[in-house]
Structures are given as structure tokens and as C-alpha cells.
$ cat final26.cif   # mmCIF, C-alpha atoms
data_start
loop_
_atom_site.label_atom_id
_atom_site.label_comp_id
_atom_site.auth_asym_id
_atom_site.auth_seq_id
_atom_site.Cartn_x
_atom_site.Cartn_y
_atom_site.Cartn_z
CA ARG L 1 -11.36 18.42 -16.34
CA LYS L 2 -12.90 15.05 -15.55
CA HIS L 3 -15.35 15.05 -12.68
CA ARG L 4 -15.95 12.05 -10.50
CA SER L 5 -19.44 10.59 -10.87
CA ASP L 6 -21.59 9.26 -8.06
CA ASN L 7 -21.05 5.72 -9.37
CA ASP L 8 -17.26 5.75 -9.06
CA LYS L 9 -15.94 3.15 -6.64
CA LEU L 10 -14.54 5.39 -3.95
CA PHE L 11 -15.28 5.50 -0.25
CA ARG L 12 -13.76 7.67 2.44
CA PRO L 13 -15.15 7.72 5.98
CA HIS L 14 -16.28 11.31 6.61
CA TYR L 15 -17.27 11.80 10.25
CA LEU L 16 -19.98 13.87 11.92
CA ILE L 17 -19.05 13.73 15.62
CA MET L 18 -21.64 14.98 18.08
CA THR L 19 -19.16 16.55 20.47
CA GLY L 20 -20.98 19.69 21.51
CA VAL L 21 -18.07 22.07 22.08
CA PRO L 22 -15.09 19.90 20.94
CA LYS L 23 -12.81 20.70 23.88
CA ASP L 24 -15.45 19.30 26.25
CA ARG L 25 -15.15 15.85 24.62
CA LEU L 26 -11.59 15.93 23.41
CA HIS L 27 -11.21 12.14 23.73
CA LEU L 28 -13.80 11.64 20.98
CA CYS L 29 -11.95 14.14 18.78
CA GLN L 30 -8.62 12.43 19.47
CA PHE L 31 -10.02 9.00 18.62
CA ILE L 32 -11.28 10.22 15.25
CA ALA L 33 -7.94 11.99 14.72
CA SER L 34 -6.26 8.58 15.05
CA LEU L 35 -8.34 7.52 12.02
CA ARG L 36 -6.93 10.25 9.76
CA LYS L 37 -5.39 7.59 7.49
CA GLY L 38 -8.94 7.23 6.20
CA TYR L 39 -8.33 10.58 4.42
CA GLY L 40 -11.84 11.83 5.17
CA ILE L 41 -13.15 15.06 6.63
CA THR L 42 -14.18 15.60 10.24
CA ILE L 43 -17.11 17.75 11.33
CA TYR L 44 -17.74 18.52 15.00
CA GLY L 45 -21.48 18.78 15.54
CA ASN L 46 -22.86 21.12 18.20
CA VAL L 47 -26.50 21.86 19.00
CA HIS L 48 -27.34 25.09 20.81
CA THR L 49 -30.79 24.36 22.25
CA GLY L 50 -33.46 27.04 22.44
CA LYS L 51 -35.54 29.33 20.26
CA TYR L 52 -33.72 31.04 17.44
CA ARG L 53 -34.86 34.57 18.30
CA ASN L 54 -33.81 34.13 21.94
CA GLU L 55 -30.47 32.43 21.33
CA VAL L 56 -29.00 33.94 18.17
CA ILE L 57 -27.25 36.82 19.98
CA LYS L 58 -25.57 34.42 22.42
CA PHE L 59 -24.78 32.13 19.50
CA ARG L 60 -22.83 34.89 17.74
CA LYS L 61 -21.27 36.27 20.92
CA GLU L 62 -19.74 32.90 21.78
CA GLY L 63 -18.43 32.49 18.24
CA PHE L 64 -20.42 29.38 17.38
CA GLU L 65 -20.62 30.55 13.78
CA LYS L 66 -16.82 30.24 13.44
CA GLY L 67 -16.20 27.04 11.58
CA TYR L 68 -12.83 25.48 12.48
CA TYR L 69 -11.36 23.68 15.50
CA GLU L 70 -7.78 22.53 16.03
CA ASN L 71 -5.90 20.95 18.93
CA LEU L 72 -2.26 19.93 18.40
CA SER L 73 -1.39 19.16 22.04
CA VAL L 74 -0.47 15.58 21.01
CA PRO L 75 1.86 15.72 17.97
CA THR L 76 0.79 12.33 16.60
CA LEU L 77 -2.91 13.15 17.07
CA LYS L 78 -3.57 16.27 15.05
CA VAL L 79 -7.14 17.12 15.99
CA ARG L 80 -8.49 19.19 13.12
CA GLY L 81 -11.96 19.64 11.76
CA PHE L 82 -14.82 21.91 10.86
CA MET L 83 -17.32 23.12 13.42
CA SER L 84 -20.98 22.89 12.51
CA THR L 85 -23.34 24.44 15.07
CA THR L 86 -27.07 24.89 14.86
CA ILE L 87 -29.83 26.38 17.02
CA ALA L 88 -32.71 23.96 17.55
CA PRO L 89 -35.49 23.23 20.06
CA SER L 90 -33.84 19.93 21.02
CA VAL L 91 -30.61 18.02 20.45
CA ARG L 92 -32.40 15.54 18.20
CA ASP L 93 -33.89 18.32 16.07
CA GLY L 94 -30.42 19.82 15.81
CA LEU L 95 -28.89 16.51 14.75
CA GLN L 96 -31.47 16.13 12.00
CA SER L 97 -30.47 19.56 10.67
CA LEU L 98 -26.79 18.62 10.82
CA LEU L 99 -27.43 15.34 9.02
CA CYS L 100 -29.08 17.25 6.20
CA CYS L 101 -26.77 20.25 5.93
CA SER L 102 -23.25 19.42 7.17
CA GLY L 103 -20.42 19.23 4.69
CA LEU L 104 -20.03 20.55 1.17
CA GLY L 105 -20.82 18.72 -2.04
CA VAL L 106 -19.30 15.24 -2.05
CA LEU L 107 -17.47 16.11 1.19
CA ARG L 108 -20.47 15.24 3.31
CA PRO L 109 -20.42 13.06 6.43
CA ASN L 110 -21.25 9.41 5.90
CA THR L 111 -20.52 8.19 9.44
CA LEU L 112 -22.26 9.48 12.58
CA VAL L 113 -20.23 9.30 15.80
CA LEU L 114 -21.94 9.51 19.20
CA GLY L 115 -20.67 9.09 22.72
CA TYR L 116 -22.38 6.50 24.89
CA LYS L 117 -25.13 7.90 27.11
CA GLU L 118 -23.89 6.82 30.53
CA ASP L 119 -26.85 8.42 32.34
CA TRP L 120 -29.50 6.74 30.22
CA LYS L 121 -31.32 5.29 33.24
CA ASP L 122 -31.72 8.74 34.82
CA ALA L 123 -32.88 10.20 31.49
CA MET L 124 -35.70 7.70 30.95
CA GLY L 125 -39.30 8.86 31.08
CA THR L 126 -40.99 12.16 30.37
CA GLU L 127 -39.59 15.27 28.73
CA ALA L 128 -39.69 17.01 32.11
CA LYS L 129 -36.97 14.73 33.46
CA ARG L 130 -33.89 16.19 31.82
CA PRO L 131 -30.35 14.92 32.52
CA ALA L 132 -27.20 16.95 32.88
CA ALA L 133 -24.59 17.20 30.14
CA ASN L 134 -22.82 13.91 29.39
CA ASP L 135 -20.71 12.14 26.80
CA SER L 136 -23.57 11.60 24.33
CA GLY L 137 -23.28 15.09 22.91
CA GLU L 138 -25.28 17.73 24.83
CA LYS L 139 -27.50 18.47 27.80
CA ASP L 140 -31.31 18.21 27.68
CA LEU L 141 -31.21 14.84 25.92
CA THR L 142 -33.68 12.13 26.91
CA THR L 143 -32.87 8.48 26.35
CA ASP L 144 -35.76 8.14 23.90
CA ASP L 145 -34.29 10.99 21.85
CA TYR L 146 -30.83 9.41 22.05
CA VAL L 147 -32.04 6.11 20.57
CA ASP L 148 -34.04 8.01 17.96
CA MET L 149 -30.85 9.87 16.99
CA ILE L 150 -29.24 6.50 16.23
CA ARG L 151 -32.26 5.67 14.05
CA ASP L 152 -32.00 9.07 12.35
CA GLY L 153 -28.40 8.32 11.37
CA PHE L 154 -29.37 5.03 9.77
CA LYS L 155 -32.37 6.59 8.02
CA MET L 156 -30.03 9.14 6.44
CA GLY L 157 -28.02 6.22 5.03
CA MET L 158 -25.04 6.75 7.32
CA GLY L 159 -22.90 4.34 9.27
CA VAL L 160 -23.13 4.82 13.04
CA MET L 161 -20.45 4.53 15.73
CA ILE L 162 -21.20 4.61 19.48
CA CYS L 163 -18.02 5.19 21.53
CA ARG L 164 -17.69 4.19 25.18
CA ASN L 165 -14.84 4.37 27.70
CA LEU L 166 -12.55 6.26 25.32
CA ASN L 167 -11.95 8.78 28.10
CA ASN L 168 -10.09 5.97 29.92
CA ILE L 169 -7.36 6.02 27.27
CA ALA L 170 -4.28 8.11 28.17
CA TRP L 171 -4.28 10.01 24.89
CA SER L 172 -1.70 12.62 25.88
CA LEU L 173 0.86 10.47 27.74
CA GLU L 174 4.19 9.21 26.40
CA ALA L 175 4.05 6.03 24.34
CA LYS L 176 4.33 2.77 26.25
CA SER L 177 4.10 -0.26 24.02
CA THR L 178 2.08 -3.28 25.16
CA ASP L 179 1.06 -6.62 23.67
CA LYS L 180 -2.62 -5.70 23.74
CA THR L 181 -4.75 -6.44 20.68
CA THR L 182 -7.56 -4.61 18.94
CA ASP L 183 -10.49 -7.04 18.81
CA ILE L 184 -13.23 -7.01 16.18
CA TYR L 185 -16.57 -8.76 16.61
CA TRP L 186 -18.08 -8.51 13.12
CA LEU L 187 -21.45 -10.16 13.68
CA VAL L 188 -23.52 -8.86 10.75
CA ASP L 189 -22.55 -8.10 7.15
CA ASP L 190 -22.93 -4.32 7.17
CA GLY L 191 -20.90 -3.68 4.04
CA GLY L 192 -17.59 -3.94 5.88
CA LEU L 193 -17.43 -0.72 7.95
CA THR L 194 -16.95 -2.79 11.12
CA LEU L 195 -13.74 -4.20 9.63
CA LEU L 196 -12.61 -1.11 7.71
CA ILE L 197 -12.44 1.30 10.67
CA PRO L 198 -10.18 -0.98 12.79
CA TYR L 199 -7.99 -1.49 9.70
CA ILE L 200 -7.61 2.29 9.32
CA LEU L 201 -6.86 2.52 13.05
CA SER L 202 -4.05 -0.02 12.59
CA LEU L 203 -2.33 2.40 10.18
CA SER L 204 -2.11 5.12 12.87
CA SER L 205 1.38 5.85 14.23
CA TRP L 206 -0.20 6.74 17.59
CA TRP L 207 -1.65 3.24 17.98
CA GLN L 208 1.41 1.57 16.47
CA GLN L 209 3.60 3.09 19.20
CA ARG L 210 1.37 1.71 21.95
CA THR L 211 0.46 -1.81 20.82
CA GLY L 212 2.16 -4.76 19.20
CA GLY L 213 4.94 -5.09 21.76
CA GLY L 214 7.10 -2.43 20.11
CA GLU L 215 6.62 -3.59 16.52
CA THR L 216 5.33 -1.11 13.97
CA LYS L 217 1.93 -2.71 13.71
CA VAL L 218 -1.35 -2.88 15.57
CA PRO L 219 -2.34 -6.53 16.15
CA LEU L 220 -5.92 -7.04 14.96
CA ARG L 221 -8.02 -10.02 16.02
CA LEU L 222 -11.18 -10.84 14.09
CA ILE L 223 -13.37 -12.96 16.34
CA LEU L 224 -16.02 -14.97 14.50
CA ILE L 225 -18.98 -16.35 16.41
CA GLY L 226 -21.59 -18.98 15.77
CA ASN L 227 -22.34 -20.53 12.37
CA THR L 228 -19.08 -21.70 10.82
CA ASP L 229 -20.61 -21.93 7.32
CA SER L 230 -20.14 -18.17 6.82
CA HIS L 231 -16.63 -18.07 8.27
CA ASP L 232 -14.96 -19.18 5.03
CA THR L 233 -16.57 -16.25 3.24
CA VAL L 234 -15.25 -13.82 5.84
CA LYS L 235 -11.76 -15.36 5.61
CA SER L 236 -11.85 -14.95 1.84
CA LEU L 237 -12.72 -11.27 2.21
CA VAL L 238 -9.90 -10.70 4.69
CA ASN L 239 -7.41 -12.41 2.36
CA LEU L 240 -8.75 -10.61 -0.71
CA PHE L 241 -8.28 -7.20 0.85
CA ARG L 242 -4.99 -8.18 2.50
CA ILE L 243 -6.08 -7.05 5.94
CA PRO L 244 -3.50 -8.41 8.40
CA CYS L 245 -5.41 -9.93 11.29
CA GLU L 246 -5.59 -13.06 13.37
CA ILE L 247 -8.88 -14.92 12.98
CA LYS L 248 -10.33 -16.72 15.97
CA HIS L 249 -13.48 -18.85 16.13
CA CYS L 250 -15.65 -18.79 19.26
CA SER L 251 -18.96 -20.31 20.28
CA LEU L 252 -21.56 -18.89 22.64
CA ASP L 253 -22.06 -20.67 25.94
CA SER L 254 -25.75 -20.38 26.81
CA GLY L 255 -25.15 -21.36 30.42
CA LYS L 256 -23.06 -18.30 31.23
CA VAL L 257 -25.91 -15.81 30.93
CA ALA L 258 -28.77 -17.72 32.49
CA ILE L 259 -28.48 -15.94 35.85
CA THR L 260 -28.51 -12.37 34.53
CA LEU L 261 -30.85 -12.82 31.58
CA GLU L 262 -34.08 -12.32 33.54
CA ASP L 263 -33.05 -8.77 34.39
CA TYR L 264 -33.29 -7.85 30.72
CA LYS L 265 -36.39 -9.73 29.51
CA ASN L 266 -39.23 -7.24 29.91
CA PRO L 267 -39.67 -5.11 26.76
CA LYS L 268 -43.20 -3.60 26.74
CA VAL L 269 -43.87 -3.87 23.02
CA ALA L 270 -46.17 -5.67 20.59
CA SER L 271 -46.13 -9.45 21.04
CA LYS L 272 -44.22 -10.28 17.85
CA VAL L 273 -41.51 -7.70 18.43
CA ARG L 274 -41.41 -8.62 22.10
CA GLU L 275 -40.69 -12.27 21.36
CA GLU L 276 -38.12 -11.42 18.70
CA SER L 277 -36.39 -8.93 20.97
CA LYS L 278 -36.16 -11.50 23.77
CA GLY L 279 -34.35 -13.88 21.46
CA LYS L 280 -32.04 -11.15 20.21
CA LEU L 281 -31.45 -9.96 23.77
CA GLU L 282 -30.26 -13.39 24.81
CA SER L 283 -27.90 -13.53 21.84
CA TRP L 284 -26.46 -10.07 22.51
CA MET L 285 -25.97 -10.91 26.18
CA ARG L 286 -24.04 -14.03 25.29
CA VAL L 287 -21.88 -11.96 22.98
CA GLY L 288 -21.33 -9.52 25.87
CA GLU L 289 -20.17 -12.37 28.12
CA LEU L 290 -17.81 -13.55 25.39
CA ILE L 291 -16.36 -10.04 24.97
CA ARG L 292 -15.71 -9.73 28.70
CA THR L 293 -13.92 -13.09 28.65
CA GLU L 294 -11.97 -12.91 25.38
CA SER L 295 -11.19 -9.19 25.27
CA LYS L 296 -10.63 -8.20 28.88
CA ASN L 297 -7.03 -7.25 28.06
CA ALA L 298 -7.67 -5.67 24.65
CA SER L 299 -6.65 -2.09 23.95
CA MET L 300 -9.85 -1.51 21.97
CA VAL L 301 -12.94 -3.52 21.03
CA PHE L 302 -15.09 -3.02 17.93
CA VAL L 303 -18.42 -4.83 17.93
CA THR L 304 -21.44 -4.73 15.64
CA LEU L 305 -24.04 -2.23 16.84
CA PRO L 306 -27.53 -3.76 17.23
CA TYR L 307 -30.04 -2.10 14.92
CA PRO L 308 -32.71 -0.13 16.88
CA LEU L 309 -35.82 -1.65 15.37
CA ILE L 310 -39.03 0.32 15.70
CA GLY L 311 -41.07 -1.33 18.45
CA VAL L 312 -38.18 -2.35 20.68
CA GLU L 313 -38.44 -0.52 23.97
CA THR L 314 -35.78 2.13 24.58
CA GLU L 315 -34.80 0.62 27.93
CA SER L 316 -34.27 -2.82 26.40
CA TYR L 317 -32.16 -1.42 23.58
CA MET L 318 -29.94 0.53 25.95
CA LYS L 319 -29.41 -2.60 28.00
CA TRP L 320 -28.24 -4.35 24.85
CA LEU L 321 -25.65 -1.60 24.32
CA ASP L 322 -24.65 -1.67 27.97
CA THR L 323 -23.96 -5.40 28.03
CA LEU L 324 -21.83 -5.17 24.87
CA SER L 325 -19.62 -2.28 25.96
CA THR L 326 -18.60 -2.48 29.61
CA ASP L 327 -15.01 -2.21 30.91
CA VAL L 328 -12.60 -1.78 27.97
CA PRO L 329 -12.72 1.07 25.41
CA THR L 330 -15.41 -0.04 22.97
CA VAL L 331 -16.82 1.18 19.67
CA LEU L 332 -20.24 -0.16 18.71
CA ILE L 333 -20.31 0.20 14.94
CA ARG L 334 -22.60 -0.60 12.03
CA GLY L 335 -22.44 0.36 8.37
CA ASN L 336 -25.30 1.13 6.01
CA ASN L 337 -24.72 -1.99 3.86
CA GLU L 338 -22.64 -0.12 1.28
CA ASN L 339 -19.64 -2.18 0.15
CA VAL L 340 -17.09 0.12 1.76
CA LEU L 341 -14.16 -2.33 1.78
CA THR L 342 -14.04 -2.52 -2.00
CA PHE L 343 -14.70 1.19 -2.47
CA TYR L 344 -12.11 2.30 0.10
CA LEU L 345 -9.30 -0.06 -0.81
CA GLU L 346 -9.67 0.32 -4.59
CA GLY L 347 -9.57 4.11 -4.23
CA SER L 348 -6.73 4.36 -1.69
CA ARG L 349 -3.01 4.96 -2.15
CA GLY L 350 -3.30 6.57 -5.55
CA SER L 351 -2.55 4.18 -8.41
CA LYS L 352 -1.29 1.34 -6.25
CA ASP L 353 -3.31 -1.83 -6.63
CA VAL L 354 -4.07 -3.00 -3.09
CA VAL L 355 -6.74 -5.49 -4.11
CA SER L 356 -5.89 -8.87 -5.61
#
$ encode --input "final26.cif" --output "C-alpha cells"
Amino acid sequence: RKHRSDNDKLFRPHYLIMTGVPKDRLHLCQFIASLRKGYGITIYGNVHTGKYRNEVIKFRKEGFEKGYYENLSVPTLKVRGFMSTTIAPSVRDGLQSLLCCSGLGVLRPNTLVLGYKEDWKDAMGTEAKRPAANDSGEKDLTTDDYVDMIRDGFKMGMGVMICRNLNNIAWSLEAKSTDKTTDIYWLVDDGGLTLLIPYILSLSSWWQQRTGGGETKVPLRLILIGNTDSHDTVKSLVNLFRIPCEIKHCSLDSGKVAITLEDYKNPKVASKVREESKGKLESWMRVGELIRTESKNASMVFVTLPYPLIGVETESYMKWLDTLSTDVPTVLIRGNNENVLTFYLEGSRGSKDVVS
């Protein structure tokens, strides 16, 4: 029997979702369930914090070692996946273990999914100041650890998705079709994950029933910003992979953010990184203003996740994320520079040739 080698052109998004106990963050599970057309596996990550000797009895008593979760309350969103729970001194330590050990063989996660840390301001500072449980995955999680978890995902070579406001979606209600679009702000060439995930979402019957004005499609809008020299390349990729989406060109208006920019310009880092981060901060804030203007009526927004460079202050980075993801359901997403569009589309749908 022929075995697939590591060099074969095949990509499937396999998700490690830091849900804690899945039923506590069912909206994250339901969102990933709507991406099942990606044909990948789903692993629900849970970290039981404490010392192993003190916690192992409780761990077994509560059934954390049982490895499957299913919720079929919404027929078109079949929430199914494997549970992976670990005991660790902290949530970040637990995530590192899950990144190393989750999955089996080639069926290992390649995309880390985190909820947005809404209480990040309260969780700033020392280890003694611990927040309550929130959408980012578990209790006892400082903001520094949260940002480091994003870095850990990238260091492991994974794509990363940060989900915000998904709990505002009426996942379990009857379908009511609207003309709302799914907007994509693909700002950095990350290998194509930022475009691939919305494309997979557009194949979901759950989303098709609720967008597109009753038609069996999810209207995608790819919004290109800034330098027009690279836009032709992006258009060529979209046409090559036959991804049905409207393409819109936008420019950034520097005047719109001048009033609020000063609130975000104080990263306490080395001079070089500080100056670079100020420039990047201004750019991200302008993008945030554009999103609030262009996508205020969108059903979902996907936008490139800023990379958390070492040296950028945690507070500044979280403000970047905050300005990019207010109001509408938003997924901040960034790939690991692997060419996932080619690998996914060439390997999908069996022998059908979906690439020109």
C-alpha cells in the first residue's frame, strides 16, 4: 500500500481549539464545526491547572481523560471532536504540551484557535493579579501569557486564529437569510490561510442559509488596501484557484485616526522596536477605522493577525488586536507561510481538478 510522504502537496486545516471544557465555549466549537468542509480534525484543548500529584484524582473523577466531545443540537452544525486535556502549572505550560502532543501521526493540529481575551486590561501586571475565566480558554491566564501563547503557536509552525464576538451569532436559531457579506482583509502574504478559511466557510450549508439573500452561496468580499502594485498578483491567485469573491480596493485615510492615535503610542520597549511599533500601530489603527466603516454590516470579518514581535509591549499588542476586532464577529488570522491554497485545492474533491 502506498503511503503518503511528507512532501506530497496536501493541506487540511486541523484545529486545536483552546476551549477549556467545550460546552463552556460552545460558540467557538460551532464556528469550527461550520468549517468542516475543510475535512480536517478538531481537537478541543483543555488545561487543568495545578500540580499533578494534587490534581490527578480530580482529573480522573471529572472524566477529563475521556477523549471525545459531541453536540448535535444544531443539525447543520455537527460539533464533533477529540478532547485533549492536560495538567500543568499554568495555561501557557499546558498549551505548550498540547502543541507538542495533540493528534496522532499526520493527523496533528496545524491551526491554533484562541478566543479573544476580553479582560486583558484587568489581567495586566504581576502573576498575583489573576483574572476570572473568560473566552480566551481558561482561568488564571495573564495577558503576558496570552500573548506568549500566540507566539508559541507560531513557533510551532502553526497558523493562528483569534476569534472575537462569535458569541453574538445566533448559532442555534432558525435560518434567516440576509444580504450580509463575509469580508476578508488579507494584508500580508501568509501562504493563503487568511483566504482559504473564509473560502471553506463559504461552502458551509449553515452559512449559505443565512447569507447571500437566499441564494445558495456566501458572498465573499476581498478588500485590498494600500499599494496597488501587488493587487494584480492577488487577483491572479483568486482567479487561478477559482475562489468566487468580489474584490474591492481601498485606501487608508490618515486623517481619520489622528485623534485617537495618541492613546496607543506608548510602548515601553527598546528604541528601534519602539519606533517600528509606532509606525505599525498607526497602520493597524487605520485598518481598524476602515473595517468599522466598510464592514459594519458584514456577517463576519477575517483580517490578518499582527505578528507579536519580541520586544513589542504586551499592552500595545493587545491594543492592536482590539482596534482591529470591535463590533462585528471577527477572526484575526495568520498562516505560517506555507502555501496552503495550492496544497488544499490540489488535494480536495478526490480526482477533480479544481486548479487551472
$ resolve_selection --input "final26.cif" --expression "the PyMOL selection byres ((chain L and resi 11-27) around 6)" --output "mmCIF file with C-alpha atoms, in the coordinates of the input"
data_model
loop_
_atom_site.group_PDB
_atom_site.id
_atom_site.type_symbol
_atom_site.label_atom_id
_atom_site.label_comp_id
_atom_site.auth_asym_id
_atom_site.auth_seq_id
_atom_site.Cartn_x
_atom_site.Cartn_y
_atom_site.Cartn_z
ATOM 1 C CA LEU L 10 -14.540 5.390 -3.950
ATOM 2 C CA LEU L 28 -13.800 11.640 20.980
ATOM 3 C CA CYS L 29 -11.950 14.140 18.780
ATOM 4 C CA GLN L 30 -8.620 12.430 19.470
ATOM 5 C CA GLY L 40 -11.840 11.830 5.170
ATOM 6 C CA ILE L 41 -13.150 15.060 6.630
ATOM 7 C CA THR L 42 -14.180 15.600 10.240
ATOM 8 C CA ILE L 43 -17.110 17.750 11.330
ATOM 9 C CA TYR L 44 -17.740 18.520 15.000
ATOM 10 C CA GLY L 45 -21.480 18.780 15.540
ATOM 11 C CA ASN L 46 -22.860 21.120 18.200
ATOM 12 C CA PRO L 109 -20.420 13.060 6.430
ATOM 13 C CA ASN L 110 -21.250 9.410 5.900
ATOM 14 C CA THR L 111 -20.520 8.190 9.440
ATOM 15 C CA LEU L 112 -22.260 9.480 12.580
ATOM 16 C CA VAL L 113 -20.230 9.300 15.800
ATOM 17 C CA LEU L 114 -21.940 9.510 19.200
ATOM 18 C CA GLY L 137 -23.280 15.090 22.910
ATOM 19 C CA GLU L 138 -25.280 17.730 24.830
ATOM 20 C CA ASN L 167 -11.950 8.780 28.100
ATOM 21 C CA PHE L 343 -14.700 1.190 -2.470
ATOM 22 C CA TYR L 344 -12.110 2.300 0.100
#
$ closest_atom_pairs --input "final26.cif" --of "range 189-208 of chain L" --to "range 76-100 of chain L" --cutoff "12 Å" --atoms "only C-alpha atoms" --output "CSV"
residue,atom,partner,partner_atom,distance
L:Ser204,CA,L:Thr76,CA,8.6
L:Ser205,CA,L:Thr76,CA,6.9
L:Trp206,CA,L:Thr76,CA,5.8
L:Trp207,CA,L:Thr76,CA,9.5
L:Gln208,CA,L:Thr76,CA,10.8
$ resolve_selection --input "final26.cif" --expression "the PyMOL selection byres ((chain L and resi 178-180) around 9)" --output "VMD selection string"
chain L and resid 176 to 177 181 to 182 209 to 214 218 to 219 297 to 300
$ resolve_selection --input "final26.cif" --expression "the PyMOL selection byres ((chain L and resi 222) around 9)" --output "JSON, numbers by chain"
{"L": [182, 183, 184, 185, 186, 195, 220, 221, 223, 224, 245, 246, 247, 248, 249]}
$ atom_distance --input "final26.cif" --atom1 "CA of Lys319 in chain L" --atom2 "CA of Leu166 in chain L"
19.2 Å
$ residues_around --input "final26.cif" --residues "Lys37 in chain L" --least-positions-apart "6" --cutoff "8 Å" --atoms "all atoms listed in the file" --output "PyMOL selection string"
chain L and resi 200-201+203-204
$ atom_distance --input "final26.cif" --atom1 "CA of Lys155 in chain L" --atom2 "CA of Glu338 in chain L"
13.6 Å
$ closest_residue --input "final26.cif" --among "L:Pro75, L:Gly50, L:Gly191, L:Gly63" --to "Gly159 in chain L" --atoms "all atoms listed in the file"
L:Gly191
$ closest_residue --input "final26.cif" --among "L:Leu281, L:Val106, L:Met124, L:Ala33" --to "Trp171 in chain L" --atoms "all atoms listed in the file"
L:Ala33
$ closest_residue --input "final26.cif" --among "L:Met285, L:Lys235, L:Phe64, L:Arg151" --to "His48 in chain L" --atoms "all atoms listed in the file"
L:Phe64
$ closest_residue --input "final26.cif" --among "L:Trp284, L:Glu315, L:Val74, L:Tyr199" --to "Val238 in chain L" --atoms "all atoms listed in the file"
L:Tyr199
$ atom_distance --input "final26.cif" --atom1 "CA of Ser34 in chain L" --atom2 "CA of Gly157 in chain L"
24.1 Å
$ closest_residue --input "final26.cif" --among "L:Leu187, L:Val312, L:Leu193, L:Leu104" --to "Met158 in chain L" --atoms "all atoms listed in the file"
L:Leu193
$ closest_residue --input "final26.cif" --among "L:Asp140, L:Asp190, L:Glu118, L:Glu294" --to "Leu321 in chain L" --atoms "all atoms listed in the file"
L:Glu118
$ decode --input "final26.cif" --residues "range 176-239 of chain L" --atoms "C-alpha atoms" --output "CSV table (one decimal), in the first residue's frame"
chain,number,residue,atom,x,y,z
L,176,LYS,CA,-33.0,33.9,8.3
L,177,SER,CA,-31.2,34.9,5.1
L,178,THR,CA,-29.7,38.3,4.8
L,179,ASP,CA,-27.6,40.2,2.2
L,180,LYS,CA,-24.6,40.5,4.5
L,181,THR,CA,-21.2,39.7,3.2
L,182,THR,CA,-18.1,37.9,4.7
L,183,ASP,CA,-15.3,40.4,4.4
L,184,ILE,CA,-11.6,39.5,4.1
L,185,TYR,CA,-8.7,41.9,4.8
L,186,TRP,CA,-5.7,39.9,3.5
L,187,LEU,CA,-2.9,42.3,4.4
L,188,VAL,CA,0.2,40.1,4.4
L,189,ASP,CA,1.1,37.1,2.3
L,190,ASP,CA,0.9,34.3,4.9
L,191,GLY,CA,0.7,31.4,2.5
L,192,GLY,CA,-3.0,31.9,1.9
L,193,LEU,CA,-4.7,30.7,5.1
L,194,THR,CA,-6.4,34.1,5.5
L,195,LEU,CA,-8.2,33.5,2.2
L,196,LEU,CA,-8.6,29.7,2.5
L,197,ILE,CA,-10.6,29.6,5.8
L,198,PRO,CA,-13.3,32.1,4.5
L,199,TYR,CA,-13.5,30.0,1.3
L,200,ILE,CA,-14.1,26.9,3.3
L,201,LEU,CA,-16.7,28.8,5.4
L,202,SER,CA,-18.5,29.7,2.1
L,203,LEU,CA,-19.1,26.0,1.5
L,204,SER,CA,-21.0,25.6,4.7
L,205,SER,CA,-24.7,25.0,4.4
L,206,TRP,CA,-25.2,26.8,7.7
L,207,TRP,CA,-23.7,30.0,6.4
L,208,GLN,CA,-25.3,29.6,3.0
L,209,GLN,CA,-28.8,29.5,4.6
L,210,ARG,CA,-28.1,32.8,6.4
L,211,THR,CA,-26.3,35.0,3.9
L,212,GLY,CA,-26.5,35.8,0.2
L,213,GLY,CA,-30.1,36.9,0.2
L,214,GLY,CA,-31.5,33.4,-0.1
L,215,GLU,CA,-29.1,32.2,-2.8
L,216,THR,CA,-27.0,29.1,-2.1
L,217,LYS,CA,-23.8,31.0,-1.7
L,218,VAL,CA,-21.9,33.0,0.8
L,219,PRO,CA,-20.9,36.4,-0.7
L,220,LEU,CA,-17.2,36.9,-0.1
L,221,ARG,CA,-15.5,40.3,-0.4
L,222,LEU,CA,-11.7,40.5,-0.6
L,223,ILE,CA,-10.7,44.1,0.4
L,224,LEU,CA,-7.3,45.1,-0.8
L,225,ILE,CA,-5.6,48.0,0.9
L,226,GLY,CA,-2.7,50.3,0.0
L,227,ASN,CA,-0.1,49.5,-2.7
L,228,THR,CA,-1.9,48.7,-5.9
L,229,ASP,CA,1.2,47.1,-7.4
L,230,SER,CA,0.6,43.8,-5.5
L,231,HIS,CA,-3.1,43.8,-6.2
L,232,ASP,CA,-2.8,42.2,-9.7
L,233,THR,CA,-0.9,39.3,-8.1
L,234,VAL,CA,-3.7,38.7,-5.6
L,235,LYS,CA,-6.3,38.9,-8.4
L,236,SER,CA,-4.3,36.3,-10.3
L,237,LEU,CA,-4.3,34.0,-7.3
L,238,VAL,CA,-8.0,34.4,-6.8
L,239,ASN,CA,-8.7,33.6,-10.5
